[in-house]
Amino acid sequence: MSRSTLKSVSLFLGVTGSLLMGNLLLGKLAMAHAQSDSQGHQHAAGTLICDSAAQPTRFQASYQITAGNDDKVQAHQLILTRFDDTIIYQRGPVSYEAWQKNGEYIRYFPEQKRSISYRRSDLLALNIHTDIDKQFHLISPAALSQFDKGEQHQATCFTQQRYSHTSKSQRQSLALDWIDELGLPASLTITQSGQQLNYRLTKLTPVSQQEFNLLTSGYQDLDFADVGDSESDPFIAKMITQGFIQHGSSGFYSADGKQLEGGHDHHH
């Protein structure tokens, strides 16, 4: 997708959409691990596997995401785990990220059992702005009032409301099936200039306190503000080099680990 396409997609999806497609936030995402669909066809829509015991504030939702055009489609899985005031995004095995209702952000590295916490002030200093509603619902519920409301239909476990939207100025169209009880899309398709981004909910299950703890407990956490003083830590040095963590004090790095600005000296 082009940068202009990414920009307009982000109007709907905020940082979430931009993260997936353009890697605008915190380092490499699992798109590197995405399986390319060599046949170039959309994956057939399967039946949603769901457990109606899933609560609106405690669930795990799996999405199949496809992006591209008729010639090439990339497929990717996103697992959302929501537990009260925290939502976790898992896109691949290397790391995953959590947003909290208070605007704080944590990036987890499960193999090393390490994590980096970003306060709201850290994100603002990095010029990273996000809409927490979009993070918790993939698309802001407030945006629904701007869309054309279609029919309502009963699907597996939940009632779904159809919405559509066309932006002539951006030559972009959106089709959405919304689960109001969960505040989540069952499916979301954004089309622009022959490119398509599609989210499809494939599985929904309840999440217990114990399951949530497995994702968030037992990590050695470091505040982002202290990253600059921790470059002698092999883990921190490696993550900065690989682009997963921005340099704490004297520069920022692109997704491939190249320095964008500022000085850098490993021998502080």
# chains A, B, ... in the order shown; residues from 1 in each chain; ligands from 1
call {"tool": "residues_around", "arguments": {"residues": "stretch 103-110 of chain A", "least_positions_apart": "2", "cutoff": "10 Å", "atoms": "only C-alpha atoms", "output": "count of residues only"}}
result
44
call {"tool": "residues_around", "arguments": {"residues": "A:Ala155", "least_positions_apart": "6", "cutoff": "10 Å", "atoms": "only C-alpha atoms", "output": "PDB file with N, CA and C atoms, in the first residue's frame"}}
result
ATOM      1  N   THR A  47     -16.616 -20.039   9.413  1.00  0.00           N
ATOM      2  CA  THR A  47     -17.546 -19.796  10.509  1.00  0.00           C
ATOM      3  C   THR A  47     -16.783 -19.343  11.751  1.00  0.00           C
ATOM      4  N   LEU A  48     -17.318 -18.337  12.396  1.00  0.00           N
ATOM      5  CA  LEU A  48     -16.710 -17.845  13.635  1.00  0.00           C
ATOM      6  C   LEU A  48     -16.854 -18.892  14.731  1.00  0.00           C
ATOM      7  N   GLN A 161     -24.253  -5.737  13.296  1.00  0.00           N
ATOM      8  CA  GLN A 161     -24.837  -4.592  12.611  1.00  0.00           C
ATOM      9  C   GLN A 161     -23.951  -4.216  11.432  1.00  0.00           C
ATOM     10  N   ILE A 179     -20.098  -5.919  16.200  1.00  0.00           N
ATOM     11  CA  ILE A 179     -20.711  -6.610  17.327  1.00  0.00           C
ATOM     12  C   ILE A 179     -20.812  -5.612  18.473  1.00  0.00           C
ATOM     13  N   ALA A 186     -16.838  -7.772  13.634  1.00  0.00           N
ATOM     14  CA  ALA A 186     -16.807  -9.173  13.218  1.00  0.00           C
ATOM     15  C   ALA A 186     -16.044  -9.255  11.902  1.00  0.00           C
TER      16      ALA A 186
END
call {"tool": "atom_distance", "arguments": {"atom1": "atom CA of A:Lys168", "atom2": "atom CA of A:Asn198"}}
result
19.8 Å
call {"tool": "closest_residue", "arguments": {"among": "A:Phe83, A:Phe212, A:Tyr199, A:Phe235", "to": "A:Ser62", "atoms": "only C-alpha atoms"}}
result
A:Tyr199
call {"tool": "select_by_dssp", "arguments": {"residues": "stretch 74-257 of chain A", "states": "strand (DSSP E)", "output": "number ranges by chain"}}
result
A: 74-83, 86-90, 96-100, 105-109, 114-118, 148-154, 159-167, 172-179, 184-192, 195-206, 220-223, 252-253
call {"tool": "select_by_dssp", "arguments": {"residues": "stretch 46-124 of chain A", "states": "helix (DSSP H, G or I)", "output": "list in words"}}
result
Arg120, Ser121, Asp122, Leu123 and Leu124 of chain A
call {"tool": "atom_distance", "arguments": {"atom1": "atom CA of A:Ser164", "atom2": "atom CA of A:Lys203"}}
result
23.3 Å
call {"tool": "residues_around", "arguments": {"residues": "A:Gln55", "least_positions_apart": "5", "cutoff": "10 Å", "atoms": "only C-alpha atoms", "output": "ChimeraX atom specification"}}
result
/A:60,82-84,181-182,205-207
call {"tool": "atom_distance", "arguments": {"atom1": "atom CA of A:Ser167", "atom2": "atom CA of A:Ser187"}}
result
19.0 Å
call {"tool": "residues_around", "arguments": {"residues": "stretch 172-178 of chain A", "least_positions_apart": "6", "cutoff": "8 Å", "atoms": "only C-alpha atoms", "output": "list in words"}}
result
Gln160, Gln161, Arg162, Tyr163, Ser164, His165, Thr166, Leu184, Pro185, Ala186, Ser187, Leu188, Thr189, Ile190, Thr191, Gln192 and Ser193 of chain A
call {"tool": "write_last_selection", "arguments": {"atoms": "all heavy atoms", "output": "compact mmCIF listing (two decimals), in the first residue's frame"}}
result
# COMPACT_ATOMS: atom_id res chain seq x y z
N GLN A 160 -24.98 -8.92 14.67
CA GLN A 160 -24.05 -8.04 13.97
C GLN A 160 -24.81 -6.94 13.24
O GLN A 160 -25.86 -7.19 12.64
CB GLN A 160 -23.19 -8.83 12.98
CG GLN A 160 -22.31 -9.88 13.65
CD GLN A 160 -21.50 -10.69 12.66
OE1 GLN A 160 -21.39 -10.32 11.49
NE2 GLN A 160 -20.92 -11.79 13.11
N GLN A 161 -24.25 -5.74 13.30
CA GLN A 161 -24.84 -4.59 12.61
C GLN A 161 -23.95 -4.22 11.43
O GLN A 161 -22.75 -4.00 11.60
CB GLN A 161 -24.97 -3.41 13.57
CG GLN A 161 -25.46 -2.12 12.92
CD GLN A 161 -26.89 -2.21 12.46
OE1 GLN A 161 -27.78 -2.57 13.23
NE2 GLN A 161 -27.13 -1.92 11.19
N ARG A 162 -24.55 -4.13 10.25
CA ARG A 162 -23.78 -3.77 9.05
C ARG A 162 -23.69 -2.25 8.91
O ARG A 162 -24.66 -1.53 9.10
CB ARG A 162 -24.46 -4.39 7.83
CG ARG A 162 -23.90 -3.96 6.47
CD ARG A 162 -22.46 -4.38 6.27
NE ARG A 162 -22.25 -5.80 6.41
CZ ARG A 162 -22.31 -6.68 5.40
NH1 ARG A 162 -22.63 -6.27 4.19
NH2 ARG A 162 -22.04 -7.96 5.61
N TYR A 163 -22.48 -1.78 8.60
CA TYR A 163 -22.25 -0.37 8.29
C TYR A 163 -21.45 -0.28 6.99
O TYR A 163 -20.70 -1.21 6.64
CB TYR A 163 -21.44 0.32 9.39
CG TYR A 163 -22.16 0.51 10.70
CD1 TYR A 163 -22.08 -0.44 11.71
CD2 TYR A 163 -22.90 1.67 10.94
CE1 TYR A 163 -22.73 -0.26 12.93
CE2 TYR A 163 -23.55 1.87 12.16
CZ TYR A 163 -23.46 0.89 13.14
OH TYR A 163 -24.10 1.07 14.34
N SER A 164 -21.58 0.85 6.31
CA SER A 164 -20.75 1.11 5.14
C SER A 164 -20.42 2.59 5.09
O SER A 164 -21.10 3.42 5.71
CB SER A 164 -21.47 0.68 3.85
OG SER A 164 -22.68 1.41 3.69
N HIS A 165 -19.37 2.89 4.36
CA HIS A 165 -18.95 4.29 4.26
C HIS A 165 -18.11 4.45 3.00
O HIS A 165 -17.26 3.60 2.69
CB HIS A 165 -18.11 4.70 5.48
CG HIS A 165 -17.65 6.13 5.44
ND1 HIS A 165 -18.50 7.19 5.67
CD2 HIS A 165 -16.44 6.67 5.19
CE1 HIS A 165 -17.83 8.33 5.58
NE2 HIS A 165 -16.57 8.04 5.29
N THR A 166 -18.36 5.51 2.27
CA THR A 166 -17.56 5.82 1.08
C THR A 166 -17.06 7.25 1.17
O THR A 166 -17.84 8.17 1.43
CB THR A 166 -18.39 5.65 -0.21
OG1 THR A 166 -18.86 4.30 -0.29
CG2 THR A 166 -17.54 5.94 -1.44
N LEU A 184 -16.60 -4.60 19.01
CA LEU A 184 -15.55 -5.09 18.11
C LEU A 184 -16.14 -5.39 16.73
O LEU A 184 -17.31 -5.76 16.62
CB LEU A 184 -14.94 -6.39 18.64
CG LEU A 184 -13.88 -6.35 19.73
CD1 LEU A 184 -13.46 -7.77 20.05
CD2 LEU A 184 -12.68 -5.51 19.31
N PRO A 185 -15.33 -5.28 15.68
CA PRO A 185 -15.78 -5.71 14.37
C PRO A 185 -15.80 -7.24 14.27
O PRO A 185 -14.88 -7.91 14.77
CB PRO A 185 -14.72 -5.15 13.41
CG PRO A 185 -13.92 -4.17 14.20
CD PRO A 185 -14.00 -4.63 15.62
N ALA A 186 -16.84 -7.77 13.63
CA ALA A 186 -16.81 -9.17 13.22
C ALA A 186 -16.04 -9.25 11.90
O ALA A 186 -15.32 -10.20 11.64
CB ALA A 186 -18.22 -9.72 13.04
N SER A 187 -16.21 -8.22 11.09
CA SER A 187 -15.40 -8.09 9.87
C SER A 187 -15.30 -6.62 9.50
O SER A 187 -16.20 -5.83 9.79
CB SER A 187 -16.01 -8.88 8.70
OG SER A 187 -17.24 -8.31 8.30
N LEU A 188 -14.19 -6.27 8.90
CA LEU A 188 -13.93 -4.89 8.49
C LEU A 188 -13.10 -4.93 7.23
O LEU A 188 -12.04 -5.56 7.20
CB LEU A 188 -13.18 -4.13 9.59
CG LEU A 188 -12.61 -2.75 9.23
CD1 LEU A 188 -13.74 -1.77 8.93
CD2 LEU A 188 -11.74 -2.22 10.37
N THR A 189 -13.59 -4.30 6.18
CA THR A 189 -12.86 -4.26 4.92
C THR A 189 -12.74 -2.81 4.46
O THR A 189 -13.74 -2.11 4.33
CB THR A 189 -13.56 -5.08 3.84
OG1 THR A 189 -13.70 -6.43 4.28
CG2 THR A 189 -12.76 -5.06 2.54
N ILE A 190 -11.52 -2.38 4.22
CA ILE A 190 -11.25 -1.04 3.68
C ILE A 190 -10.60 -1.21 2.31
O ILE A 190 -9.61 -1.94 2.17
CB ILE A 190 -10.33 -0.24 4.61
CG1 ILE A 190 -11.02 -0.02 5.97
CG2 ILE A 190 -9.95 1.10 3.99
CD1 ILE A 190 -10.12 0.60 7.01
N THR A 191 -11.19 -0.57 1.30
CA THR A 191 -10.70 -0.70 -0.07
C THR A 191 -10.32 0.67 -0.60
O THR A 191 -11.07 1.64 -0.43
CB THR A 191 -11.78 -1.31 -0.97
OG1 THR A 191 -12.21 -2.56 -0.42
CG2 THR A 191 -11.25 -1.56 -2.38
N GLN A 192 -9.15 0.74 -1.24
CA GLN A 192 -8.73 1.99 -1.86
C GLN A 192 -7.74 1.69 -2.97
O GLN A 192 -6.78 0.94 -2.77
CB GLN A 192 -8.08 2.92 -0.84
CG GLN A 192 -7.64 4.26 -1.45
CD GLN A 192 -7.12 5.23 -0.41
OE1 GLN A 192 -7.06 4.91 0.76
NE2 GLN A 192 -6.72 6.42 -0.85
N SER A 193 -7.99 2.26 -4.13
CA SER A 193 -7.07 2.17 -5.28
C SER A 193 -6.64 0.73 -5.57
O SER A 193 -5.48 0.46 -5.83
CB SER A 193 -5.83 3.04 -5.03
OG SER A 193 -6.21 4.37 -4.74
